[in-house]
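Q: Got a structure here, written out as structure tokens. Questions coming.
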Amino acid sequence: MDSKNSVIDKEARNKILEQLEKFEHEYIAPHIILTAREVKKVANNNLKRFNIGVEQLKILHILSFVKELNINEIAKILCKDIGTISRCVESLCNKKYIIKFKQTNDRRIHIVSLTPEGRVFFEKIDQSFKAIMQSLEAIFSKEEKEQLHKTLDKIIAYHK
């Protein structure tokens, strides 16, 4: 055994990983999920220095396009549950990057918008994030990127 807490030995763990890798390469969807997980891990690791996560960055990105938006709409756009978005919004409010207020005609609805500090922060972090994504994509030629986009779009269109 590797450690006191391990239930399986190193050989058994490697066998499991080998089987998972085989499965992920046999079918496209698990391979896409694995790739997305790895890209998100790289993004999160690079965003740590800004004390922000990918989901929070997505909210700031959305709010950079509109003056204000309600939390339910953000959840729909990001395909996330209200609880996850609410936690992200609270964190961003605590950092003073966004403000949250109740809608005047329906006090149950919370509206959020970027603060001036939030806009400056987003512009700074957006440039850094784009550089990270460009470095990830540097391994592809222009043609390979175009083909990958076409392939991914084909998968998305099939399931709409």
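By order of appearance in the structure tokens: chains A, B, ..., then residues from 1 within every chain, and ligands from 1 in the order shown.
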Can you pull out every residue from chain A that DSSP, working from the backbone, puts in alpha helix (DSSP H), and format the result as a PyMOL selection string?

A: chain A and resi 10-26+28-47+54-65+71-78+82-94+116-137+142-158

Q: Select from range 65-101 of chain A every residue with an atom at most 9 Å from any atom of range 106-111 of chain A, then for each give the shortest pair of atoms and their distance in Å to one decimal, using only C-alpha atoms, rows by chain and rising number, as JSON lines.

A:
{"residue": "A:Glu68", "atom": "CA", "partner": "A:Ile111", "partner_atom": "CA", "distance": 6.5}
{"residue": "A:Leu69", "atom": "CA", "partner": "A:Ile111", "partner_atom": "CA", "distance": 5.4}
{"residue": "A:Asn70", "atom": "CA", "partner": "A:Ile111", "partner_atom": "CA", "distance": 4.1}
{"residue": "A:Ile71", "atom": "CA", "partner": "A:His110", "partner_atom": "CA", "distance": 6.1}
{"residue": "A:Asn72", "atom": "CA", "partner": "A:Ile109", "partner_atom": "CA", "distance": 8.2}
{"residue": "A:Ile99", "atom": "CA", "partner": "A:Ile111", "partner_atom": "CA", "distance": 8.2}
{"residue": "A:Lys100", "atom": "CA", "partner": "A:Ile111", "partner_atom": "CA", "distance": 5.6}
{"residue": "A:Phe101", "atom": "CA", "partner": "A:Ile111", "partner_atom": "CA", "distance": 5.3}

Q: Would you save the residues from that selection as a tab-separated table (two decimals), in the first residue's frame, using N, CA and C atoms?

A:
chain	number	residue	atom	x	y	z
A	68	GLU	N	-26.80	45.83	-15.88
A	68	GLU	CA	-27.24	45.05	-14.72
A	68	GLU	C	-28.02	43.84	-15.20
A	69	LEU	N	-28.10	42.83	-14.31
A	69	LEU	CA	-28.78	41.59	-14.66
A	69	LEU	C	-29.23	40.92	-13.38
A	70	ASN	N	-30.37	40.20	-13.43
A	70	ASN	CA	-30.78	39.51	-12.22
A	70	ASN	C	-30.07	38.16	-12.10
A	71	ILE	N	-29.99	37.68	-10.89
A	71	ILE	CA	-29.25	36.46	-10.59
A	71	ILE	C	-29.81	35.26	-11.34
A	72	ASN	N	-31.13	35.19	-11.48
A	72	ASN	CA	-31.74	34.08	-12.22
A	72	ASN	C	-31.26	34.04	-13.67
A	99	ILE	N	-22.23	45.01	-7.09
A	99	ILE	CA	-23.21	45.36	-6.07
A	99	ILE	C	-24.49	44.60	-6.37
A	100	LYS	N	-25.22	44.30	-5.31
A	100	LYS	CA	-26.48	43.55	-5.42
A	100	LYS	C	-27.56	44.39	-4.77
A	101	PHE	N	-28.69	44.50	-5.45
A	101	PHE	CA	-29.82	45.23	-4.90
A	101	PHE	C	-31.11	44.57	-5.35

Q: Counting only C-alpha atoms, which residues in range 6-43 of chain A sit no more than 10 Å from range 125-133 of chain A? For each one, give the nearest pair of atoms and the distance in Å, sorted by chain then residue number, as JSON lines.

A:
{"residue": "A:Val39", "atom": "CA", "partner": "A:Met133", "partner_atom": "CA", "distance": 8.7}
{"residue": "A:Val42", "atom": "CA", "partner": "A:Ile132", "partner_atom": "CA", "distance": 8.4}
{"residue": "A:Ala43", "atom": "CA", "partner": "A:Ile132", "partner_atom": "CA", "distance": 7.3}
